[in-house]
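Colleague: What follows is the file start.cif, containing mmCIF, C-alpha atoms:
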data_coords
loop_
_atom_site.label_atom_id
_atom_site.label_comp_id
_atom_site.auth_asym_id
_atom_site.auth_seq_id
_atom_site.Cartn_x
_atom_site.Cartn_y
_atom_site.Cartn_z
CA MET A 73 -3.19 -32.95 62.48
CA GLY A 74 -5.86 -31.63 60.16
CA ASP A 75 -6.90 -28.04 59.77
CA PRO A 76 -10.47 -27.69 61.13
CA GLY A 77 -10.54 -24.03 60.18
CA GLY A 78 -9.54 -24.81 56.62
CA GLU A 79 -12.10 -27.59 56.40
CA THR A 80 -14.83 -25.27 57.63
CA ALA A 81 -13.85 -22.56 55.17
CA GLY A 82 -13.82 -25.08 52.34
CA ARG A 83 -17.22 -26.40 53.36
CA ASP A 84 -18.62 -22.86 53.48
CA ARG A 85 -17.27 -22.13 50.00
CA VAL A 86 -18.87 -25.26 48.58
CA ARG A 87 -22.15 -24.44 50.32
CA ALA A 88 -22.13 -20.85 49.04
CA HIS A 89 -21.37 -22.07 45.50
CA ILE A 90 -24.26 -24.53 45.55
CA VAL A 91 -26.66 -21.89 46.88
CA SER A 92 -25.54 -19.43 44.19
CA VAL A 93 -26.05 -22.03 41.46
CA ALA A 94 -29.47 -23.00 42.84
CA ALA A 95 -30.49 -19.33 42.99
CA ALA A 96 -29.55 -18.91 39.33
CA LEU A 97 -31.62 -21.98 38.42
CA LEU A 98 -34.54 -20.59 40.42
CA THR A 99 -34.35 -17.25 38.60
CA SER A 100 -34.17 -18.82 35.15
CA GLY A 101 -36.55 -21.74 35.57
CA GLY A 102 -38.60 -21.25 38.71
CA ARG A 103 -38.94 -23.60 41.65
CA ASP A 104 -39.43 -26.67 39.42
CA ALA A 105 -35.91 -26.14 38.03
CA ILE A 106 -34.39 -26.83 41.45
CA SER A 107 -34.03 -30.57 41.79
CA THR A 108 -31.20 -32.16 43.73
CA ARG A 109 -29.88 -33.74 40.55
CA ALA A 110 -30.07 -30.51 38.51
CA VAL A 111 -28.36 -28.43 41.18
CA ALA A 112 -25.63 -31.02 41.70
CA ALA A 113 -24.94 -31.19 37.97
CA ALA A 114 -24.86 -27.41 37.55
CA ALA A 115 -22.63 -26.99 40.61
CA GLY A 116 -20.23 -29.74 39.53
CA THR A 117 -20.80 -31.81 42.65
CA GLN A 118 -22.69 -34.91 43.76
CA ALA A 119 -26.17 -35.21 45.26
CA PRO A 120 -24.84 -36.64 48.55
CA THR A 121 -22.90 -33.40 49.06
CA ILE A 122 -26.15 -31.44 48.89
CA TYR A 123 -27.83 -33.73 51.40
CA ARG A 124 -24.82 -33.48 53.72
CA LEU A 125 -24.80 -29.67 53.59
CA PHE A 126 -28.53 -28.92 53.54
CA GLY A 127 -30.24 -32.02 54.91
CA ASP A 128 -32.82 -32.26 52.14
CA LYS A 129 -34.31 -30.29 49.24
CA GLU A 130 -36.36 -28.11 51.58
CA GLY A 131 -33.19 -27.16 53.42
CA LEU A 132 -31.61 -26.14 50.13
CA LEU A 133 -34.69 -24.10 49.17
CA ASP A 134 -34.60 -22.35 52.54
CA ALA A 135 -30.93 -21.49 51.96
CA VAL A 136 -31.70 -20.10 48.51
CA ALA A 137 -34.53 -17.95 49.86
CA GLU A 138 -32.31 -16.67 52.66
CA PHE A 139 -29.51 -15.92 50.18
CA GLY A 140 -31.79 -13.89 47.91
CA PHE A 141 -33.47 -12.03 50.74
CA THR A 142 -30.15 -11.23 52.40
CA SER A 143 -29.02 -9.58 49.18
CA TYR A 144 -32.23 -7.55 49.15
CA LEU A 145 -31.74 -6.48 52.78
CA ARG A 146 -28.19 -5.39 52.06
CA ASP A 147 -29.46 -3.04 49.35
CA LYS A 148 -32.35 -1.89 51.55
CA LYS A 149 -30.05 -0.86 54.41
CA ALA A 150 -28.37 1.63 52.12
CA ARG A 151 -31.60 3.66 52.09
CA PRO A 152 -31.86 6.31 54.85
CA LEU A 153 -34.71 5.76 57.30
CA ALA A 154 -37.62 8.18 57.30
CA ASP A 155 -38.13 10.32 60.41
CA ASP A 156 -41.86 9.51 60.47
CA PRO A 157 -42.48 5.83 61.36
CA VAL A 158 -45.66 5.76 59.27
CA GLU A 159 -43.76 7.06 56.26
CA GLU A 160 -41.11 4.42 56.94
CA LEU A 161 -43.82 1.75 56.84
CA ARG A 162 -45.11 3.20 53.58
CA ALA A 163 -41.61 3.08 52.08
CA GLY A 164 -41.18 -0.47 53.37
CA TRP A 165 -44.39 -1.52 51.62
CA ASP A 166 -43.15 -0.11 48.32
CA LEU A 167 -39.83 -1.93 48.72
CA HIS A 168 -41.62 -5.18 49.53
CA VAL A 169 -43.82 -4.96 46.44
CA GLY A 170 -40.89 -3.92 44.27
CA PHE A 171 -38.84 -6.84 45.55
CA GLY A 172 -41.64 -9.28 44.80
CA LEU A 173 -42.18 -8.02 41.26
CA ALA A 174 -38.45 -8.03 40.52
CA ASN A 175 -37.92 -11.51 42.01
CA PRO A 176 -41.11 -13.49 41.36
CA ALA A 177 -39.59 -16.96 41.79
CA LEU A 178 -37.82 -16.01 45.01
CA PHE A 179 -40.92 -14.27 46.37
CA SER A 180 -43.03 -17.33 45.59
CA LEU A 181 -40.45 -19.51 47.32
CA MET A 182 -40.72 -17.35 50.43
CA TYR A 183 -44.50 -16.89 50.54
CA GLY A 184 -46.19 -19.07 47.93
CA ASP A 185 -46.52 -22.32 49.86
CA PRO A 186 -47.81 -21.45 53.34
CA GLN A 187 -47.83 -24.30 55.83
CA PRO A 188 -49.02 -24.03 59.44
CA GLY A 189 -46.07 -23.99 61.79
CA ARG A 190 -43.44 -23.68 59.05
CA GLN A 191 -41.89 -20.54 57.56
CA SER A 192 -38.75 -20.09 55.54
CA PRO A 193 -35.93 -18.38 57.48
CA ALA A 194 -36.09 -15.49 55.00
CA SER A 195 -39.80 -14.89 55.59
CA VAL A 196 -39.22 -14.97 59.36
CA VAL A 197 -36.63 -12.21 59.03
CA ALA A 198 -38.94 -10.21 56.77
CA PHE A 199 -41.80 -10.43 59.26
CA ARG A 200 -39.52 -9.47 62.13
CA ILE A 201 -38.49 -6.32 60.26
CA LEU A 202 -42.14 -5.51 59.63
CA GLY A 203 -42.82 -6.01 63.34
CA GLU A 204 -40.08 -3.52 64.19
CA ARG A 205 -41.68 -0.93 61.89
CA ILE A 206 -45.06 -1.51 63.54
CA ARG A 207 -43.53 -1.22 67.01
CA ASP A 208 -42.00 2.14 66.04
CA ILE A 209 -45.48 3.37 65.14
CA ALA A 210 -46.85 2.08 68.44
CA ALA A 211 -44.05 3.80 70.34
CA ALA A 212 -45.01 7.07 68.62
CA GLY A 213 -48.57 6.67 69.89
CA ARG A 214 -50.00 6.31 66.38
CA LEU A 215 -51.07 2.65 66.33
CA LYS A 216 -54.78 2.08 66.87
CA VAL A 217 -54.83 -1.73 66.83
CA GLY A 218 -52.63 -4.38 68.42
CA GLU A 219 -49.12 -4.79 67.04
CA ARG A 220 -49.64 -8.39 65.91
CA LEU A 221 -52.92 -7.59 64.17
CA ALA A 222 -51.32 -4.60 62.46
CA ALA A 223 -48.35 -6.64 61.25
CA ASP A 224 -50.57 -9.48 60.01
CA LEU A 225 -52.83 -7.05 58.16
CA VAL A 226 -49.97 -5.25 56.42
CA HIS A 227 -48.21 -8.51 55.58
CA SER A 228 -51.28 -10.18 54.13
CA ALA A 229 -52.29 -7.13 52.12
CA GLY A 230 -48.81 -6.52 50.74
CA THR A 231 -48.21 -10.15 49.84
CA GLY A 232 -51.63 -10.40 48.22
CA VAL A 233 -50.91 -7.36 46.10
CA VAL A 234 -47.65 -8.87 44.84
CA PHE A 235 -49.26 -12.17 43.86
CA THR A 236 -52.17 -10.36 42.21
CA LEU A 237 -49.81 -8.25 40.11
CA LEU A 238 -47.57 -11.22 39.27
CA ALA A 239 -50.62 -13.05 37.90
CA LEU A 240 -51.12 -10.28 35.33
CA PRO A 241 -49.11 -9.68 32.15
CA GLU A 242 -46.54 -6.96 32.82
CA GLU A 243 -48.28 -4.50 30.49
CA ARG A 244 -51.48 -4.81 32.56
CA ARG A 245 -49.92 -4.28 35.97
CA ASP A 246 -51.32 -1.07 37.44
CA MET A 247 -49.26 0.08 40.41
CA ARG A 248 -52.21 2.13 41.61
CA LEU A 249 -53.47 -1.15 43.04
CA SER A 250 -50.44 -1.28 45.34
CA GLU A 251 -50.79 2.37 46.29
CA ALA A 252 -54.51 2.03 47.11
CA ALA A 253 -54.00 -1.15 49.14
CA ARG A 254 -51.04 0.40 50.97
CA ASP A 255 -52.93 3.53 51.93
CA ALA A 256 -56.01 1.53 53.01
CA ALA A 257 -53.92 -0.80 55.19
CA ILE A 258 -52.06 2.08 56.83
CA ALA A 259 -55.29 3.99 57.44
CA ALA A 260 -56.75 0.90 59.10
CA ILE A 261 -53.99 0.62 61.70
CA THR A 262 -52.73 4.16 62.36
CA THR A 263 -53.95 7.51 63.61
CA ASP A 264 -53.23 10.79 61.87
CA ALA A 265 -51.39 12.34 64.81
CA PRO A 266 -49.49 11.00 67.82
CA ALA A 267 -51.21 10.88 71.16
CA VAL A 268 -48.48 13.12 72.61
CA GLU A 269 -45.88 15.30 70.97
CA THR A 270 -42.82 13.34 72.09
CA PRO A 271 -42.60 9.66 70.97
CA GLY A 272 -41.48 7.12 73.53
CA PRO A 273 -42.89 5.08 76.44
CA ALA A 274 -45.22 7.92 77.45
CA ALA A 275 -46.78 8.12 73.97
CA ALA A 276 -47.24 4.37 73.81
CA ALA A 277 -48.80 4.35 77.29
CA VAL A 278 -51.21 7.14 76.37
CA ALA A 279 -52.31 5.27 73.26
CA LEU A 280 -52.85 2.00 75.14
CA ARG A 281 -54.55 3.73 78.09
CA ALA A 282 -57.14 5.17 75.73
CA THR A 283 -58.20 1.71 74.56
CA LEU A 284 -57.92 -0.07 77.92
CA PRO A 285 -61.70 -0.04 78.58
CA ASP A 286 -62.14 -2.19 75.48
CA ALA A 287 -59.67 -4.83 76.71
CA ALA A 288 -62.31 -7.51 77.27
CA ALA A 289 -59.65 -10.20 77.78
CA LEU A 290 -58.76 -8.61 81.15
CA THR A 291 -60.75 -8.67 84.36
CA ASP A 292 -61.82 -5.42 86.01
CA GLY A 293 -59.03 -5.81 88.54
CA GLU A 294 -56.41 -6.45 85.86
CA ARG A 295 -57.56 -3.40 83.88
CA HIS A 296 -57.34 -1.30 87.05
CA VAL A 297 -53.77 -2.39 87.83
CA LEU A 298 -52.64 -2.01 84.23
CA GLY A 299 -54.29 1.40 84.11
CA GLU A 300 -52.24 2.54 87.10
CA TRP A 301 -49.02 1.36 85.45
CA LEU A 302 -49.89 3.06 82.19
CA ASP A 303 -50.74 6.29 84.00
CA ARG A 304 -47.32 6.24 85.62
CA LEU A 305 -45.62 5.64 82.26
CA ALA A 306 -47.67 8.36 80.59
CA ALA A 307 -46.64 10.84 83.29
CA GLY A 308 -42.99 10.35 82.36
CA PRO A 309 -39.99 9.91 84.68
CA PRO A 310 -40.23 11.47 88.15
CA THR A 311 -38.60 14.85 88.60
CA ASN A 312 -36.22 15.41 91.48
#
For this file, produce the structure as structure tokens.
Modeller:
Amino acid sequence: MGDPGGETAGRDRVRAHIVSVAAALLTSGGRDAISTRAVAAAAGTQAPTIYRLFGDKEGLLDAVAEFGFTSYLRDKKARPLADDPVEELRAGWDLHVGFGLANPALFSLMYGDPQPGRQSPASVVAFRILGERIRDIAAAGRLKVGERLAADLVHSAGTGVVFTLLALPEERRDMRLSEAARDAAIAAITTDAPAVETPGPAAAAVALRATLPDAAALTDGERHVLGEWLDRLAAGPPTN
């Protein structure tokens, strides 16, 4: 009998080797350097192996982007989280911009070819992390727009800053652009102080309750019911 576990481990090693080689080609020559033939030659394998492991070139590019971004996340997790969720978002912005400037080819692979309905796995993970940061701000009662709008605004502004800076010669890159855009984006989505002193469901409910009259997508009856629920959440758990 064969050894399925050994075959799987061997397949994973070959896959990891090909991804590593493709990532090196991306760093040295940009996206155009990654052709199936070039990667196969550099990895010491055959093109059919790449198609078998990744499906097609886009599958290989997705794997390379995920590989690079995973390495970035591993380094990022070593940084202690800030106590203030807004400060954590500010730090996340700086890391995002720093990552893009340090890895221009990888950043362009992740964000440089937007297509409706299709995102690289790495960019999906990145946006999910951003969404978690935004949700922390909402839970603290300091978000003044919807979570999705806030995440889209921060993402678009941060990504635009990176591409703008990458288009400039390094000696002309002024990081004050990133700082100004960061502060403007954060000011557009957050309040200076939480709605209540203790973050949690009550704070989030207070913040949403304050904007409920502007919820034009709801009927009067729906706003009334939701208002009652939010009032109960804002009051906190019942005392016995």
Colleague: Can you tell me which residues surround segment 253-259 of chain A at a distance of at most 8 Å, considering only C-alpha atoms, apart from same-chain residues fewer than 3 positions away, and format the answer as a PyMOL selection string?
Modeller: chain A and resi 158+162+165+225-226+229-230+233+249-250+262-263
Colleague: Quick one: write out the picked residues with C-alpha atoms as a PDB file, in the frame of the given file?
Modeller:
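Saved the output as part.pdb:
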ATOM      1  CA  VAL A 158     -45.660   5.760  59.270  1.00  0.00           C
ATOM      2  CA  ARG A 162     -45.110   3.200  53.580  1.00  0.00           C
ATOM      3  CA  TRP A 165     -44.390  -1.520  51.620  1.00  0.00           C
ATOM      4  CA  LEU A 225     -52.830  -7.050  58.160  1.00  0.00           C
ATOM      5  CA  VAL A 226     -49.970  -5.250  56.420  1.00  0.00           C
ATOM      6  CA  ALA A 229     -52.290  -7.130  52.120  1.00  0.00           C
ATOM      7  CA  GLY A 230     -48.810  -6.520  50.740  1.00  0.00           C
ATOM      8  CA  VAL A 233     -50.910  -7.360  46.100  1.00  0.00           C
ATOM      9  CA  LEU A 249     -53.470  -1.150  43.040  1.00  0.00           C
ATOM     10  CA  SER A 250     -50.440  -1.280  45.340  1.00  0.00           C
ATOM     11  CA  THR A 262     -52.730   4.160  62.360  1.00  0.00           C
ATOM     12  CA  THR A 263     -53.950   7.510  63.610  1.00  0.00           C
TER      13      THR A 263
END
Colleague: Could you work out how far atom CA of Phe235 of chain A lies from atom CA of Ala174 of chain A, giving the answer in Å with one decimal?
Modeller: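 Between atom CA of Ala174 of chain A and atom CA of Phe235 of chain A the gap is 12.0 Å.
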Colleague: Could you write out as a PyMOL selection string the residues that the PyMOL selection byres ((chain A and resi 284) around 12) matches in the shown file?
Modeller: chain A and resi 216-218+277-283+285-292+294-303
Colleague: So the first atom is atom CA of Thr142 of chain A and the second is atom CA of Asp104 of chain A; what is the distance between them in Å, to one decimal place?
Modeller: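 That distance, rounded to one decimal, is 22.2 Å.
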Colleague: Can you list, as an mmCIF file with C-alpha atoms, keeping the file's coordinate frame, the residues that the PyMOL selection byres ((chain A and resi 102) around 12) selects here?
Modeller:
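What ended up in part_16.cif:
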data_model
loop_
_atom_site.group_PDB
_atom_site.id
_atom_site.type_symbol
_atom_site.label_atom_id
_atom_site.label_comp_id
_atom_site.auth_asym_id
_atom_site.auth_seq_id
_atom_site.Cartn_x
_atom_site.Cartn_y
_atom_site.Cartn_z
ATOM 1 C CA ALA A 94 -29.470 -23.000 42.840
ATOM 2 C CA ALA A 95 -30.490 -19.330 42.990
ATOM 3 C CA ALA A 96 -29.550 -18.910 39.330
ATOM 4 C CA LEU A 97 -31.620 -21.980 38.420
ATOM 5 C CA LEU A 98 -34.540 -20.590 40.420
ATOM 6 C CA THR A 99 -34.350 -17.250 38.600
ATOM 7 C CA SER A 100 -34.170 -18.820 35.150
ATOM 8 C CA GLY A 101 -36.550 -21.740 35.570
ATOM 9 C CA ARG A 103 -38.940 -23.600 41.650
ATOM 10 C CA ASP A 104 -39.430 -26.670 39.420
ATOM 11 C CA ALA A 105 -35.910 -26.140 38.030
ATOM 12 C CA ILE A 106 -34.390 -26.830 41.450
ATOM 13 C CA SER A 107 -34.030 -30.570 41.790
ATOM 14 C CA LEU A 133 -34.690 -24.100 49.170
ATOM 15 C CA ASN A 175 -37.920 -11.510 42.010
ATOM 16 C CA PRO A 176 -41.110 -13.490 41.360
ATOM 17 C CA ALA A 177 -39.590 -16.960 41.790
ATOM 18 C CA LEU A 178 -37.820 -16.010 45.010
ATOM 19 C CA PHE A 179 -40.920 -14.270 46.370
ATOM 20 C CA SER A 180 -43.030 -17.330 45.590
ATOM 21 C CA LEU A 181 -40.450 -19.510 47.320
#
Colleague: One decimal, in Å: what's the spacing between atom CA of His168 of chain A and atom CA of Arg200 of chain A?
Modeller: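 Going from atom CA of His168 of chain A over to atom CA of Arg200 of chain A covers 13.5 Å.
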Colleague: Evaluate the PyMOL selection byres ((chain A and resi 111-122) around 8) here and jot the selected residues down as a compact mmCIF listing (two decimals) with C-alpha atoms, in the frame of the given file.
Modeller:
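expr-v6.txt written:
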# COMPACT_ATOMS: atom_id res chain seq x y z
CA HIS A 89 -21.37 -22.07 45.50
CA ILE A 90 -24.26 -24.53 45.55
CA VAL A 93 -26.05 -22.03 41.46
CA ALA A 94 -29.47 -23.00 42.84
CA LEU A 97 -31.62 -21.98 38.42
CA ILE A 106 -34.39 -26.83 41.45
CA SER A 107 -34.03 -30.57 41.79
CA THR A 108 -31.20 -32.16 43.73
CA ARG A 109 -29.88 -33.74 40.55
CA ALA A 110 -30.07 -30.51 38.51
CA TYR A 123 -27.83 -33.73 51.40
CA ARG A 124 -24.82 -33.48 53.72
CA LEU A 125 -24.80 -29.67 53.59
CA PHE A 126 -28.53 -28.92 53.54
CA GLY A 127 -30.24 -32.02 54.91
CA ASP A 128 -32.82 -32.26 52.14
CA LEU A 132 -31.61 -26.14 50.13
Colleague: Rebuild N, CA and C atoms on segment 231-267 of chain A, as an mmCIF file, in the frame of the given file?
Modeller:
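So the final result, stored in result-v7.cif, reads:
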data_model
loop_
_atom_site.group_PDB
_atom_site.id
_atom_site.type_symbol
_atom_site.label_atom_id
_atom_site.label_comp_id
_atom_site.auth_asym_id
_atom_site.auth_seq_id
_atom_site.Cartn_x
_atom_site.Cartn_y
_atom_site.Cartn_z
ATOM 1 N N THR A 231 -48.506 -8.916 50.557
ATOM 2 C CA THR A 231 -48.210 -10.150 49.840
ATOM 3 C C THR A 231 -49.286 -10.451 48.813
ATOM 4 N N GLY A 232 -50.542 -10.192 49.175
ATOM 5 C CA GLY A 232 -51.630 -10.400 48.220
ATOM 6 C C GLY A 232 -51.509 -9.514 47.002
ATOM 7 N N VAL A 233 -51.091 -8.276 47.224
ATOM 8 C CA VAL A 233 -50.910 -7.360 46.100
ATOM 9 C C VAL A 233 -49.841 -7.887 45.141
ATOM 10 N N VAL A 234 -48.726 -8.364 45.689
ATOM 11 C CA VAL A 234 -47.650 -8.870 44.840
ATOM 12 C C VAL A 234 -48.139 -10.043 43.998
ATOM 13 N N PHE A 235 -48.797 -11.005 44.618
ATOM 14 C CA PHE A 235 -49.260 -12.170 43.860
ATOM 15 C C PHE A 235 -50.328 -11.792 42.838
ATOM 16 N N THR A 236 -51.166 -10.821 43.172
ATOM 17 C CA THR A 236 -52.170 -10.360 42.210
ATOM 18 C C THR A 236 -51.508 -9.732 40.993
ATOM 19 N N LEU A 237 -50.503 -8.887 41.226
ATOM 20 C CA LEU A 237 -49.810 -8.250 40.110
ATOM 21 C C LEU A 237 -48.995 -9.253 39.300
ATOM 22 N N LEU A 238 -48.370 -10.219 39.985
ATOM 23 C CA LEU A 238 -47.570 -11.220 39.270
ATOM 24 C C LEU A 238 -48.448 -12.083 38.358
ATOM 25 N N ALA A 239 -49.724 -12.236 38.717
ATOM 26 C CA ALA A 239 -50.620 -13.050 37.900
ATOM 27 C C ALA A 239 -51.046 -12.339 36.621
ATOM 28 N N LEU A 240 -50.739 -11.061 36.510
ATOM 29 C CA LEU A 240 -51.120 -10.280 35.330
ATOM 30 C C LEU A 240 -49.939 -10.140 34.380
ATOM 31 N N PRO A 241 -50.203 -10.023 33.081
ATOM 32 C CA PRO A 241 -49.110 -9.680 32.150
ATOM 33 C C PRO A 241 -48.509 -8.336 32.564
ATOM 34 N N GLU A 242 -47.218 -8.176 32.357
ATOM 35 C CA GLU A 242 -46.540 -6.960 32.820
ATOM 36 C C GLU A 242 -47.208 -5.693 32.302
ATOM 37 N N GLU A 243 -47.691 -5.712 31.057
ATOM 38 C CA GLU A 243 -48.280 -4.500 30.490
ATOM 39 C C GLU A 243 -49.622 -4.147 31.147
ATOM 40 N N ARG A 244 -50.201 -5.079 31.910
ATOM 41 C CA ARG A 244 -51.480 -4.810 32.560
ATOM 42 C C ARG A 244 -51.329 -4.531 34.050
ATOM 43 N N ARG A 245 -50.131 -4.518 34.547
ATOM 44 C CA ARG A 245 -49.920 -4.280 35.970
ATOM 45 C C ARG A 245 -50.058 -2.786 36.281
ATOM 46 N N ASP A 246 -51.051 -2.458 37.056
ATOM 47 C CA ASP A 246 -51.320 -1.070 37.440
ATOM 48 C C ASP A 246 -50.871 -0.873 38.883
ATOM 49 N N MET A 247 -49.807 -0.098 39.065
ATOM 50 C CA MET A 247 -49.260 0.080 40.410
ATOM 51 C C MET A 247 -50.173 0.890 41.309
ATOM 52 N N ARG A 248 -51.237 1.460 40.751
ATOM 53 C CA ARG A 248 -52.210 2.130 41.610
ATOM 54 C C ARG A 248 -52.891 1.143 42.542
ATOM 55 N N LEU A 249 -52.929 -0.130 42.150
ATOM 56 C CA LEU A 249 -53.470 -1.150 43.040
ATOM 57 C C LEU A 249 -52.643 -1.214 44.323
ATOM 58 N N SER A 250 -51.316 -1.236 44.178
ATOM 59 C CA SER A 250 -50.440 -1.280 45.340
ATOM 60 C C SER A 250 -50.603 -0.029 46.194
ATOM 61 N N GLU A 251 -50.674 1.115 45.554
ATOM 62 C CA GLU A 251 -50.790 2.370 46.290
ATOM 63 C C GLU A 251 -52.103 2.430 47.074
ATOM 64 N N ALA A 252 -53.211 1.995 46.438
ATOM 65 C CA ALA A 252 -54.510 2.030 47.110
ATOM 66 C C ALA A 252 -54.546 1.050 48.279
ATOM 67 N N ALA A 253 -54.016 -0.151 48.067
ATOM 68 C CA ALA A 253 -54.000 -1.150 49.140
ATOM 69 C C ALA A 253 -53.100 -0.688 50.281
ATOM 70 N N ARG A 254 -51.967 -0.103 49.945
ATOM 71 C CA ARG A 254 -51.040 0.400 50.970
ATOM 72 C C ARG A 254 -51.711 1.456 51.824
ATOM 73 N N ASP A 255 -52.322 2.435 51.187
ATOM 74 C CA ASP A 255 -52.930 3.530 51.930
ATOM 75 C C ASP A 255 -54.111 3.050 52.776
ATOM 76 N N ALA A 256 -54.874 2.072 52.245
ATOM 77 C CA ALA A 256 -56.010 1.530 53.010
ATOM 78 C C ALA A 256 -55.512 0.769 54.230
ATOM 79 N N ALA A 257 -54.453 -0.028 54.070
ATOM 80 C CA ALA A 257 -53.920 -0.800 55.190
ATOM 81 C C ALA A 257 -53.362 0.130 56.265
ATOM 82 N N ILE A 258 -52.635 1.149 55.856
ATOM 83 C CA ILE A 258 -52.060 2.080 56.830
ATOM 84 C C ILE A 258 -53.142 2.858 57.547
ATOM 85 N N ALA A 259 -54.186 3.270 56.811
ATOM 86 C CA ALA A 259 -55.290 3.990 57.440
ATOM 87 C C ALA A 259 -56.021 3.124 58.450
ATOM 88 N N ALA A 260 -56.033 1.815 58.203
ATOM 89 C CA ALA A 260 -56.750 0.900 59.100
ATOM 90 C C ALA A 260 -56.036 0.692 60.427
ATOM 91 N N ILE A 261 -54.738 0.941 60.473
ATOM 92 C CA ILE A 261 -53.990 0.620 61.700
ATOM 93 C C ILE A 261 -53.398 1.840 62.398
ATOM 94 N N THR A 262 -53.406 3.011 61.764
ATOM 95 C CA THR A 262 -52.730 4.160 62.360
ATOM 96 C C THR A 262 -53.674 5.338 62.546
ATOM 97 N N THR A 263 -53.258 6.249 63.423
ATOM 98 C CA THR A 263 -53.950 7.510 63.610
ATOM 99 C C THR A 263 -53.188 8.605 62.881
ATOM 100 N N ASP A 264 -53.860 9.711 62.630
ATOM 101 C CA ASP A 264 -53.230 10.790 61.870
ATOM 102 C C ASP A 264 -52.178 11.540 62.669
ATOM 103 N N ALA A 265 -52.321 11.568 63.978
ATOM 104 C CA ALA A 265 -51.390 12.340 64.810
ATOM 105 C C ALA A 265 -51.056 11.540 66.057
ATOM 106 N N PRO A 266 -49.864 11.722 66.591
ATOM 107 C CA PRO A 266 -49.490 11.000 67.820
ATOM 108 C C PRO A 266 -50.321 11.447 69.003
ATOM 109 N N ALA A 267 -50.440 10.545 69.971
ATOM 110 C CA ALA A 267 -51.210 10.880 71.160
ATOM 111 C C ALA A 267 -50.545 11.986 71.970
#
